[in-house]
Structure formats: C-alpha cells, structure tokens
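The file start.cif contains mmCIF, N, CA and C atoms:
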```cif
data_upload
loop_
_atom_site.label_atom_id
_atom_site.label_comp_id
_atom_site.auth_asym_id
_atom_site.auth_seq_id
_atom_site.Cartn_x
_atom_site.Cartn_y
_atom_site.Cartn_z
N MET B 1 43.92 -12.05 4.29
CA MET B 1 42.85 -12.96 4.68
C MET B 1 41.89 -12.22 5.61
N LEU B 2 40.59 -12.41 5.42
CA LEU B 2 39.58 -11.74 6.21
C LEU B 2 39.13 -12.56 7.42
N GLY B 3 39.40 -13.83 7.47
CA GLY B 3 38.96 -14.68 8.58
C GLY B 3 38.82 -16.10 8.11
N ALA B 4 38.05 -16.89 8.86
CA ALA B 4 37.83 -18.29 8.48
C ALA B 4 36.35 -18.60 8.61
N ASN B 5 35.89 -19.51 7.75
CA ASN B 5 34.49 -19.91 7.84
C ASN B 5 34.34 -21.05 8.84
N ALA B 6 33.14 -21.59 8.97
CA ALA B 6 32.86 -22.64 9.96
C ALA B 6 33.69 -23.89 9.74
N GLN B 7 34.10 -24.16 8.50
CA GLN B 7 34.90 -25.33 8.20
C GLN B 7 36.40 -25.04 8.36
N GLY B 8 36.75 -23.81 8.72
CA GLY B 8 38.15 -23.46 8.91
C GLY B 8 38.83 -22.99 7.64
N SER B 9 38.10 -22.93 6.53
CA SER B 9 38.69 -22.46 5.28
C SER B 9 38.83 -20.95 5.33
N PRO B 10 39.88 -20.44 4.73
CA PRO B 10 40.05 -19.00 4.75
C PRO B 10 38.94 -18.31 3.96
N VAL B 11 38.45 -17.23 4.53
CA VAL B 11 37.44 -16.43 3.86
C VAL B 11 38.12 -15.12 3.50
N GLY B 12 38.57 -15.05 2.27
CA GLY B 12 39.28 -13.86 1.83
C GLY B 12 38.48 -13.10 0.82
N GLU B 13 39.14 -12.12 0.22
CA GLU B 13 38.46 -11.28 -0.76
C GLU B 13 38.00 -12.08 -1.97
N ASN B 14 38.82 -13.06 -2.41
CA ASN B 14 38.44 -13.88 -3.56
C ASN B 14 37.17 -14.69 -3.28
N ASN B 15 37.11 -15.27 -2.08
CA ASN B 15 35.91 -16.04 -1.72
C ASN B 15 34.69 -15.13 -1.61
N PHE B 16 34.90 -13.93 -1.07
CA PHE B 16 33.80 -12.98 -0.97
C PHE B 16 33.27 -12.64 -2.35
N LEU B 17 34.15 -12.39 -3.29
CA LEU B 17 33.73 -12.08 -4.66
C LEU B 17 33.01 -13.26 -5.28
N LYS B 18 33.49 -14.50 -4.98
CA LYS B 18 32.82 -15.69 -5.50
C LYS B 18 31.39 -15.78 -4.98
N TYR B 19 31.20 -15.52 -3.68
CA TYR B 19 29.86 -15.56 -3.10
C TYR B 19 28.97 -14.50 -3.74
N MET B 20 29.53 -13.32 -3.97
CA MET B 20 28.75 -12.25 -4.59
C MET B 20 28.36 -12.63 -6.01
N GLN B 21 29.29 -13.28 -6.74
CA GLN B 21 28.97 -13.72 -8.09
C GLN B 21 27.87 -14.79 -8.05
N ASP B 22 27.95 -15.67 -7.05
CA ASP B 22 26.91 -16.69 -6.91
C ASP B 22 25.55 -16.03 -6.69
N ILE B 23 25.52 -15.00 -5.86
CA ILE B 23 24.27 -14.29 -5.61
C ILE B 23 23.76 -13.67 -6.91
N GLN B 24 24.66 -13.06 -7.67
CA GLN B 24 24.26 -12.43 -8.93
C GLN B 24 23.77 -13.48 -9.92
N GLU B 25 24.46 -14.63 -9.97
CA GLU B 25 24.04 -15.70 -10.88
C GLU B 25 22.64 -16.21 -10.52
N ILE B 26 22.41 -16.38 -9.23
CA ILE B 26 21.10 -16.84 -8.77
C ILE B 26 20.03 -15.81 -9.11
N PHE B 27 20.34 -14.54 -8.87
CA PHE B 27 19.40 -13.46 -9.19
C PHE B 27 19.10 -13.46 -10.68
N ASN B 28 20.13 -13.58 -11.51
CA ASN B 28 19.94 -13.60 -12.97
C ASN B 28 19.07 -14.78 -13.40
N ARG B 29 19.31 -15.94 -12.79
CA ARG B 29 18.53 -17.13 -13.10
C ARG B 29 17.06 -16.91 -12.71
N MET B 30 16.84 -16.30 -11.56
CA MET B 30 15.48 -16.02 -11.11
C MET B 30 14.78 -15.06 -12.08
N GLN B 31 15.49 -14.06 -12.55
CA GLN B 31 14.92 -13.10 -13.49
C GLN B 31 14.52 -13.80 -14.80
N GLU B 32 15.37 -14.71 -15.26
CA GLU B 32 15.09 -15.44 -16.50
C GLU B 32 13.87 -16.34 -16.33
N ILE B 33 13.77 -17.01 -15.18
CA ILE B 33 12.61 -17.87 -14.91
C ILE B 33 11.34 -17.03 -14.85
N LYS B 34 11.39 -15.87 -14.21
CA LYS B 34 10.22 -15.00 -14.15
C LYS B 34 9.79 -14.56 -15.54
N LYS B 35 10.74 -14.29 -16.42
CA LYS B 35 10.43 -13.90 -17.79
C LYS B 35 9.73 -15.04 -18.52
N LYS B 36 10.23 -16.27 -18.34
CA LYS B 36 9.61 -17.43 -18.98
C LYS B 36 8.19 -17.64 -18.45
N GLN B 37 8.01 -17.47 -17.14
CA GLN B 37 6.67 -17.60 -16.56
C GLN B 37 5.72 -16.58 -17.17
N LYS B 38 6.19 -15.36 -17.30
CA LYS B 38 5.37 -14.29 -17.86
C LYS B 38 4.97 -14.61 -19.30
N ASP B 39 5.91 -15.13 -20.07
CA ASP B 39 5.62 -15.49 -21.46
C ASP B 39 4.56 -16.58 -21.55
N ILE B 40 4.68 -17.60 -20.70
CA ILE B 40 3.71 -18.71 -20.71
C ILE B 40 2.33 -18.20 -20.28
N ARG B 41 2.28 -17.39 -19.21
CA ARG B 41 1.00 -16.85 -18.76
C ARG B 41 0.35 -15.99 -19.85
N SER B 42 1.17 -15.21 -20.53
CA SER B 42 0.66 -14.34 -21.59
C SER B 42 0.07 -15.17 -22.73
N ALA B 43 0.76 -16.22 -23.14
CA ALA B 43 0.27 -17.08 -24.22
C ALA B 43 -1.03 -17.77 -23.79
N TYR B 44 -1.10 -18.21 -22.56
CA TYR B 44 -2.30 -18.86 -22.02
C TYR B 44 -3.48 -17.89 -22.04
N LYS B 45 -3.23 -16.66 -21.57
CA LYS B 45 -4.29 -15.65 -21.53
C LYS B 45 -4.79 -15.32 -22.94
N GLU B 46 -3.88 -15.19 -23.88
CA GLU B 46 -4.26 -14.91 -25.27
C GLU B 46 -5.13 -16.04 -25.83
N SER B 47 -4.76 -17.27 -25.51
CA SER B 47 -5.52 -18.42 -25.98
C SER B 47 -6.93 -18.42 -25.40
N LEU B 48 -7.05 -18.09 -24.12
CA LEU B 48 -8.38 -18.03 -23.50
C LEU B 48 -9.23 -16.92 -24.13
N GLU B 49 -8.62 -15.78 -24.36
CA GLU B 49 -9.37 -14.65 -24.91
C GLU B 49 -9.84 -14.92 -26.34
N ALA B 50 -9.22 -15.86 -27.01
CA ALA B 50 -9.63 -16.21 -28.37
C ALA B 50 -10.85 -17.12 -28.39
N SER B 51 -11.20 -17.67 -27.23
CA SER B 51 -12.33 -18.60 -27.14
C SER B 51 -13.64 -17.84 -26.94
N LEU B 52 -14.60 -18.07 -27.82
CA LEU B 52 -15.91 -17.43 -27.73
C LEU B 52 -16.66 -17.89 -26.47
N GLU B 53 -16.62 -19.18 -26.19
CA GLU B 53 -17.30 -19.72 -25.01
C GLU B 53 -16.73 -19.09 -23.73
N TYR B 54 -15.42 -18.93 -23.69
CA TYR B 54 -14.77 -18.32 -22.52
C TYR B 54 -15.28 -16.90 -22.32
N LYS B 55 -15.41 -16.15 -23.41
CA LYS B 55 -15.91 -14.77 -23.32
C LYS B 55 -17.35 -14.75 -22.81
N GLU B 56 -18.18 -15.65 -23.31
CA GLU B 56 -19.59 -15.71 -22.88
C GLU B 56 -19.70 -16.02 -21.39
N ILE B 57 -18.92 -16.99 -20.95
CA ILE B 57 -18.94 -17.36 -19.53
C ILE B 57 -18.44 -16.20 -18.67
N ASN B 58 -17.41 -15.52 -19.14
CA ASN B 58 -16.90 -14.37 -18.40
C ASN B 58 -17.96 -13.28 -18.27
N ASP B 59 -18.73 -13.06 -19.32
CA ASP B 59 -19.81 -12.06 -19.26
C ASP B 59 -20.86 -12.47 -18.23
N LYS B 60 -21.22 -13.75 -18.21
CA LYS B 60 -22.19 -14.24 -17.22
C LYS B 60 -21.64 -14.06 -15.80
N ILE B 61 -20.38 -14.38 -15.64
CA ILE B 61 -19.74 -14.23 -14.32
C ILE B 61 -19.78 -12.76 -13.88
N LYS B 62 -19.48 -11.87 -14.80
CA LYS B 62 -19.49 -10.44 -14.49
C LYS B 62 -20.87 -10.00 -14.03
N THR B 63 -21.91 -10.44 -14.73
CA THR B 63 -23.29 -10.10 -14.36
C THR B 63 -23.63 -10.65 -12.98
N LEU B 64 -23.25 -11.88 -12.71
CA LEU B 64 -23.52 -12.49 -11.40
C LEU B 64 -22.75 -11.78 -10.29
N ARG B 65 -21.52 -11.39 -10.55
CA ARG B 65 -20.73 -10.67 -9.54
C ARG B 65 -21.38 -9.33 -9.21
N GLU B 66 -21.88 -8.64 -10.23
CA GLU B 66 -22.55 -7.36 -9.99
C GLU B 66 -23.79 -7.56 -9.12
N ARG B 67 -24.56 -8.59 -9.40
CA ARG B 67 -25.76 -8.88 -8.60
C ARG B 67 -25.38 -9.25 -7.18
N LYS B 68 -24.33 -10.05 -7.05
CA LYS B 68 -23.83 -10.45 -5.72
C LYS B 68 -23.43 -9.21 -4.92
N LYS B 69 -22.74 -8.28 -5.57
CA LYS B 69 -22.30 -7.05 -4.92
C LYS B 69 -23.50 -6.23 -4.45
N GLN B 70 -24.56 -6.18 -5.26
CA GLN B 70 -25.77 -5.45 -4.88
C GLN B 70 -26.38 -6.04 -3.61
N ILE B 71 -26.46 -7.36 -3.57
CA ILE B 71 -27.02 -8.04 -2.39
C ILE B 71 -26.15 -7.77 -1.16
N GLU B 72 -24.83 -7.84 -1.34
CA GLU B 72 -23.91 -7.58 -0.23
C GLU B 72 -24.08 -6.16 0.30
N ASN B 73 -24.20 -5.19 -0.60
CA ASN B 73 -24.36 -3.80 -0.18
C ASN B 73 -25.65 -3.57 0.58
N ILE B 74 -26.73 -4.21 0.14
CA ILE B 74 -28.01 -4.09 0.85
C ILE B 74 -27.87 -4.66 2.26
N THR B 75 -27.21 -5.81 2.37
CA THR B 75 -27.03 -6.44 3.68
C THR B 75 -26.08 -5.63 4.56
N LYS B 76 -25.03 -5.04 3.96
CA LYS B 76 -24.07 -4.24 4.72
C LYS B 76 -24.74 -3.05 5.40
N GLU B 77 -25.75 -2.49 4.76
CA GLU B 77 -26.43 -1.33 5.33
C GLU B 77 -27.02 -1.64 6.70
N SER B 78 -27.47 -2.87 6.90
CA SER B 78 -28.03 -3.23 8.20
C SER B 78 -26.95 -3.61 9.22
N PHE B 79 -25.70 -3.69 8.77
CA PHE B 79 -24.59 -4.04 9.65
C PHE B 79 -23.58 -2.90 9.76
N SER B 80 -24.02 -1.66 9.60
CA SER B 80 -23.07 -0.54 9.55
C SER B 80 -22.24 -0.42 10.84
N ALA B 81 -22.86 -0.61 12.00
CA ALA B 81 -22.12 -0.50 13.26
C ALA B 81 -21.06 -1.60 13.36
N GLU B 82 -21.41 -2.80 12.94
CA GLU B 82 -20.46 -3.91 12.99
C GLU B 82 -19.29 -3.67 12.04
N PHE B 83 -19.56 -3.09 10.87
CA PHE B 83 -18.48 -2.82 9.93
C PHE B 83 -17.55 -1.72 10.43
N THR B 84 -18.09 -0.78 11.19
CA THR B 84 -17.25 0.24 11.82
C THR B 84 -16.31 -0.44 12.81
N LYS B 85 -16.85 -1.37 13.59
CA LYS B 85 -16.02 -2.12 14.54
C LYS B 85 -14.95 -2.92 13.80
N LEU B 86 -15.32 -3.55 12.68
CA LEU B 86 -14.35 -4.31 11.90
C LEU B 86 -13.20 -3.42 11.44
N ASP B 87 -13.52 -2.23 10.98
CA ASP B 87 -12.48 -1.30 10.55
C ASP B 87 -11.57 -0.92 11.71
N ASP B 88 -12.17 -0.68 12.88
CA ASP B 88 -11.38 -0.35 14.07
C ASP B 88 -10.48 -1.52 14.46
N PHE B 89 -11.02 -2.73 14.41
CA PHE B 89 -10.22 -3.92 14.73
C PHE B 89 -9.05 -4.06 13.77
N LYS B 90 -9.29 -3.81 12.50
CA LYS B 90 -8.23 -3.91 11.50
C LYS B 90 -7.09 -2.94 11.82
N ILE B 91 -7.43 -1.71 12.16
CA ILE B 91 -6.42 -0.71 12.51
C ILE B 91 -5.66 -1.15 13.76
N ASP B 92 -6.38 -1.64 14.77
CA ASP B 92 -5.74 -2.11 16.00
C ASP B 92 -4.78 -3.26 15.72
N LEU B 93 -5.20 -4.21 14.88
CA LEU B 93 -4.34 -5.36 14.56
C LEU B 93 -3.08 -4.92 13.82
N GLU B 94 -3.22 -4.00 12.88
CA GLU B 94 -2.05 -3.51 12.14
C GLU B 94 -1.07 -2.83 13.09
N SER B 95 -1.58 -2.00 13.97
CA SER B 95 -0.72 -1.29 14.91
C SER B 95 -0.05 -2.26 15.89
N ASP B 96 -0.80 -3.22 16.41
CA ASP B 96 -0.23 -4.22 17.32
C ASP B 96 0.80 -5.09 16.61
N SER B 97 0.58 -5.40 15.35
CA SER B 97 1.53 -6.21 14.58
C SER B 97 2.86 -5.48 14.42
N VAL B 98 2.80 -4.19 14.13
CA VAL B 98 4.03 -3.39 14.02
C VAL B 98 4.74 -3.35 15.36
N MET B 99 3.99 -3.14 16.44
CA MET B 99 4.57 -3.09 17.77
C MET B 99 5.21 -4.43 18.13
N LEU B 100 4.53 -5.53 17.84
CA LEU B 100 5.06 -6.86 18.12
C LEU B 100 6.37 -7.09 17.37
N SER B 101 6.42 -6.70 16.11
CA SER B 101 7.63 -6.85 15.31
C SER B 101 8.77 -6.01 15.88
N ASP B 102 8.47 -4.77 16.25
CA ASP B 102 9.50 -3.89 16.81
C ASP B 102 10.07 -4.45 18.10
N ILE B 103 9.20 -4.91 18.98
CA ILE B 103 9.65 -5.47 20.26
C ILE B 103 10.48 -6.72 20.03
N ALA B 104 10.02 -7.61 19.14
CA ALA B 104 10.76 -8.84 18.85
C ALA B 104 12.14 -8.53 18.29
N LEU B 105 12.22 -7.59 17.37
CA LEU B 105 13.51 -7.23 16.78
C LEU B 105 14.44 -6.64 17.84
N ASN B 106 13.92 -5.78 18.70
CA ASN B 106 14.74 -5.20 19.76
C ASN B 106 15.27 -6.27 20.71
N LYS B 107 14.41 -7.23 21.07
CA LYS B 107 14.85 -8.32 21.96
C LYS B 107 15.91 -9.18 21.29
N LEU B 108 15.72 -9.48 20.01
CA LEU B 108 16.72 -10.28 19.28
C LEU B 108 18.05 -9.55 19.20
N MET B 109 18.00 -8.24 19.00
CA MET B 109 19.23 -7.44 18.92
C MET B 109 19.98 -7.47 20.25
N LYS B 110 19.24 -7.63 21.35
CA LYS B 110 19.85 -7.72 22.68
C LYS B 110 20.30 -9.14 23.00
N GLY B 111 20.04 -10.07 22.09
CA GLY B 111 20.43 -11.46 22.30
C GLY B 111 19.43 -12.26 23.10
N GLU B 112 18.26 -11.73 23.33
CA GLU B 112 17.24 -12.43 24.10
C GLU B 112 16.43 -13.36 23.19
N THR B 113 15.89 -14.41 23.78
CA THR B 113 15.04 -15.34 23.05
C THR B 113 13.65 -14.73 22.93
N VAL B 114 13.06 -14.87 21.75
CA VAL B 114 11.73 -14.31 21.52
C VAL B 114 10.79 -15.45 21.14
N GLN B 115 9.70 -15.55 21.90
CA GLN B 115 8.71 -16.59 21.63
C GLN B 115 7.39 -16.17 22.26
N VAL B 116 6.28 -16.45 21.59
CA VAL B 116 4.95 -16.21 22.15
C VAL B 116 4.16 -17.51 22.06
N VAL B 117 3.13 -17.62 22.91
CA VAL B 117 2.33 -18.84 22.97
C VAL B 117 0.86 -18.45 22.83
N ASP B 118 0.11 -19.20 22.00
CA ASP B 118 -1.31 -18.89 21.82
C ASP B 118 -2.15 -19.65 22.85
N GLU B 119 -3.46 -19.50 22.76
CA GLU B 119 -4.37 -20.10 23.73
C GLU B 119 -4.37 -21.63 23.71
N TYR B 120 -3.85 -22.23 22.63
CA TYR B 120 -3.79 -23.68 22.50
C TYR B 120 -2.40 -24.22 22.82
N ASN B 121 -1.58 -23.38 23.41
CA ASN B 121 -0.22 -23.72 23.82
C ASN B 121 0.71 -23.97 22.63
N ASN B 122 0.38 -23.43 21.46
CA ASN B 122 1.28 -23.47 20.31
C ASN B 122 2.26 -22.32 20.45
N SER B 123 3.54 -22.62 20.29
CA SER B 123 4.52 -21.54 20.41
C SER B 123 4.90 -21.01 19.03
N TYR B 124 5.21 -19.73 18.99
CA TYR B 124 5.57 -19.05 17.75
C TYR B 124 6.89 -18.31 17.95
N GLU B 125 7.74 -18.41 16.95
CA GLU B 125 9.00 -17.68 16.95
C GLU B 125 8.96 -16.68 15.80
N PRO B 126 9.72 -15.59 15.92
CA PRO B 126 9.71 -14.61 14.82
C PRO B 126 10.37 -15.18 13.57
N LEU B 127 9.88 -14.73 12.43
CA LEU B 127 10.42 -15.14 11.14
C LEU B 127 10.77 -13.87 10.37
N PHE B 128 12.02 -13.76 9.98
CA PHE B 128 12.46 -12.60 9.23
C PHE B 128 12.84 -13.03 7.83
N THR B 129 12.50 -12.21 6.86
CA THR B 129 12.83 -12.52 5.48
C THR B 129 13.63 -11.37 4.88
N VAL B 130 14.36 -11.69 3.84
CA VAL B 130 15.12 -10.69 3.11
C VAL B 130 14.53 -10.59 1.72
N LYS B 131 14.20 -9.39 1.33
CA LYS B 131 13.67 -9.14 -0.01
C LYS B 131 14.56 -8.12 -0.68
N PHE B 132 14.63 -8.21 -1.99
CA PHE B 132 15.39 -7.24 -2.75
C PHE B 132 14.41 -6.37 -3.52
N LYS B 133 14.68 -5.07 -3.51
CA LYS B 133 13.84 -4.17 -4.29
C LYS B 133 14.72 -3.39 -5.25
N LYS B 134 14.11 -3.00 -6.33
CA LYS B 134 14.84 -2.26 -7.35
C LYS B 134 15.23 -0.90 -6.79
N THR B 135 16.50 -0.51 -7.01
CA THR B 135 16.95 0.80 -6.52
C THR B 135 17.18 1.77 -7.64
#
```

Serialized structure, structure tokens:
Amino acid sequence: MLGANAQGSPVGENNFLKYMQDIQEIFNRMQEIKKKQKDIRSAYKESLEASLEYKEINDKIKTLRERKKQIENITKESFSAEFTKLDDFKIDLESDSVMLSDIALNKLMKGETVQVVDEYNNSYEPLFTVKFKKT
C-alpha cells in the first residue's frame, strides 16, 4: 500500500494505474473530439469555398484590407516616436511578467501566500495551468 487518500481509502499501485488509465482515456477522448472538430471545420470551409458570392466578397474584403493597411502605414509614419515607445513598453511588460511569475512561484514554493492588488482594490491570485506537449 502506498498511502491513503482524503477519504481514507488505500491508494495503492492498482489505484494509481486506474488513475493513469483514466488520464489516458480522457486524453484519447479529447483527441477524438479534436479530430471531429477538424472534420466539421474542413467540411464547412470547403462549402464556403464552393460559393461564388463568398469568393467575390472575400476579394472585396482583401482589397479593403489592403487600402486600410496603406492608410495605417501613412498614419504610423507621423507616430514613429510613439511606436518606438510602444515597442519598449511591450518588452518591459514581457520582462516584468516573467519576473512576477518567477517571484510568485518562489513564494508559493516557500509556502507563502501570493496576492497582488490593483488600483481599484481588486485582488489577484496566481493561476497555474498544466499543458501537455508532444514529446
């Protein structure tokens, strides 16, 4: 026996294997659902591409987007200093975000409570997620 769970039931190797199988079953189910979603999206996209009106509207949208981009670029030229500041702010925010995460994780590892408060007195707690990646 490896120990007991919160309900006092023994947590042994058999239960561990059952939990692992449950995880695998859930993962397999998620993969199957993703495949079905992909199939439906693909059929939908094919149906849209078969529509002549859809193609015409897409061409108009493309032309309008290009014109919009031209106008944006002309306007951006007069805001070059501000866009440099925006880029600097973005870098600062990314670096501060990494630092905030590192500090929060270190405090949690020490058993300390982690919380921050904004200017409106809203409190925030760290949120950690688990993701699986293909190995």

> To one decimal place, how far is CA of Gln21 in chain B from CA of Lys36 in chain B in Å?
Replying inline: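 Going from CA of Gln21 in chain B over to CA of Lys36 in chain B, I get 22.5 Å.
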
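Straight-line separation from atom C of Glu82 in chain B to atom C of Val98 in chain B: 24.3 Å.
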
> Please, which residues of range 39-135 of chain B, numbered as in this document, come out strand (DSSP E) from DSSP, as a PyMOL selection string?
Replying inline: chain B and resi 116-117+123-124

Can those selected residues be exported to a file as an mmCIF file, in the coordinates of the input so that it contains N, CA and C atoms?
```cif
data_model
loop_
_atom_site.group_PDB
_atom_site.id
_atom_site.type_symbol
_atom_site.label_atom_id
_atom_site.label_comp_id
_atom_site.auth_asym_id
_atom_site.auth_seq_id
_atom_site.Cartn_x
_atom_site.Cartn_y
_atom_site.Cartn_z
ATOM 1 N N VAL B 116 6.280 -16.450 21.590
ATOM 2 C CA VAL B 116 4.950 -16.210 22.150
ATOM 3 C C VAL B 116 4.160 -17.510 22.060
ATOM 4 N N VAL B 117 3.130 -17.620 22.910
ATOM 5 C CA VAL B 117 2.330 -18.840 22.970
ATOM 6 C C VAL B 117 0.860 -18.450 22.830
ATOM 7 N N SER B 123 3.540 -22.620 20.290
ATOM 8 C CA SER B 123 4.520 -21.540 20.410
ATOM 9 C C SER B 123 4.900 -21.010 19.030
ATOM 10 N N TYR B 124 5.210 -19.730 18.990
ATOM 11 C CA TYR B 124 5.570 -19.050 17.750
ATOM 12 C C TYR B 124 6.890 -18.310 17.950
#
```

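Here CA of Glu32 in chain B is placed at a distance of 17.7 Å from CA of Lys131 in chain B.
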
> Got a sec: who's within 10 Å of Ala104 in chain B, counting only C-alpha atoms, leaving out chain neighbours fewer than 2 positions off, as a list in words?
Replying inline: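 The contact residues come out as Val98, Met99, Leu100, Ser101, Asp102, Asn106, Lys107, Leu108, Met109, Lys110, Glu112, Thr113, Val114, Gln115, Val116, Glu125, Pro126 and Leu127 of chain B.
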
Starting from 6 Å padding per side, set up an axis-aligned box that covers all listed atoms of range 44-60 of chain B and hand over centre and edge lengths in Å, one decimal, as JSON.
```
{"center_x": -11.6, "center_y": -15.9, "center_z": -22.1, "size_x": 33.1, "size_y": 19.7, "size_z": 24.6}
```

With N, CA and C atoms retained, output range 57-69 of chain B as an mmCIF file, in the first residue's frame.
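part-v2.cif, written as the output of this step:
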```cif
data_model
loop_
_atom_site.group_PDB
_atom_site.id
_atom_site.type_symbol
_atom_site.label_atom_id
_atom_site.label_comp_id
_atom_site.auth_asym_id
_atom_site.auth_seq_id
_atom_site.Cartn_x
_atom_site.Cartn_y
_atom_site.Cartn_z
ATOM 1 N N ILE B 57 -17.048 38.321 -52.241
ATOM 2 C CA ILE B 57 -16.993 39.139 -51.024
ATOM 3 C C ILE B 57 -15.593 39.084 -50.417
ATOM 4 N N ASN B 58 -14.983 37.912 -50.434
ATOM 5 C CA ASN B 58 -13.620 37.785 -49.917
ATOM 6 C C ASN B 58 -12.645 38.652 -50.702
ATOM 7 N N ASP B 59 -12.814 38.712 -52.012
ATOM 8 C CA ASP B 59 -11.951 39.564 -52.836
ATOM 9 C C ASP B 59 -12.129 41.036 -52.472
ATOM 10 N N LYS B 60 -13.381 41.456 -52.263
ATOM 11 C CA LYS B 60 -13.647 42.843 -51.857
ATOM 12 C C LYS B 60 -13.009 43.133 -50.497
ATOM 13 N N ILE B 61 -13.142 42.187 -49.597
ATOM 14 C CA ILE B 61 -12.556 42.352 -48.258
ATOM 15 C C ILE B 61 -11.039 42.491 -48.364
ATOM 16 N N LYS B 62 -10.431 41.673 -49.195
ATOM 17 C CA LYS B 62 -8.978 41.726 -49.374
ATOM 18 C C LYS B 62 -8.548 43.099 -49.885
ATOM 19 N N THR B 63 -9.277 43.628 -50.864
ATOM 20 C CA THR B 63 -8.969 44.952 -51.414
ATOM 21 C C THR B 63 -9.114 46.029 -50.342
ATOM 22 N N LEU B 64 -10.179 45.958 -49.564
ATOM 23 C CA LEU B 64 -10.397 46.943 -48.498
ATOM 24 C C LEU B 64 -9.325 46.839 -47.413
ATOM 25 N N ARG B 65 -8.917 45.628 -47.075
ATOM 26 C CA ARG B 65 -7.860 45.450 -46.069
ATOM 27 C C ARG B 65 -6.547 46.065 -46.545
ATOM 28 N N GLU B 66 -6.238 45.872 -47.825
ATOM 29 C CA GLU B 66 -5.013 46.458 -48.376
ATOM 30 C C GLU B 66 -5.060 47.981 -48.293
ATOM 31 N N ARG B 67 -6.202 48.567 -48.629
ATOM 32 C CA ARG B 67 -6.346 50.026 -48.558
ATOM 33 C C ARG B 67 -6.253 50.501 -47.113
ATOM 34 N N LYS B 68 -6.872 49.760 -46.212
ATOM 35 C CA LYS B 68 -6.820 50.093 -44.783
ATOM 36 C C LYS B 68 -5.371 50.083 -44.301
ATOM 37 N N LYS B 69 -4.614 49.075 -44.717
ATOM 38 C CA LYS B 69 -3.213 48.956 -44.322
ATOM 39 C C LYS B 69 -2.400 50.140 -44.841
#
```
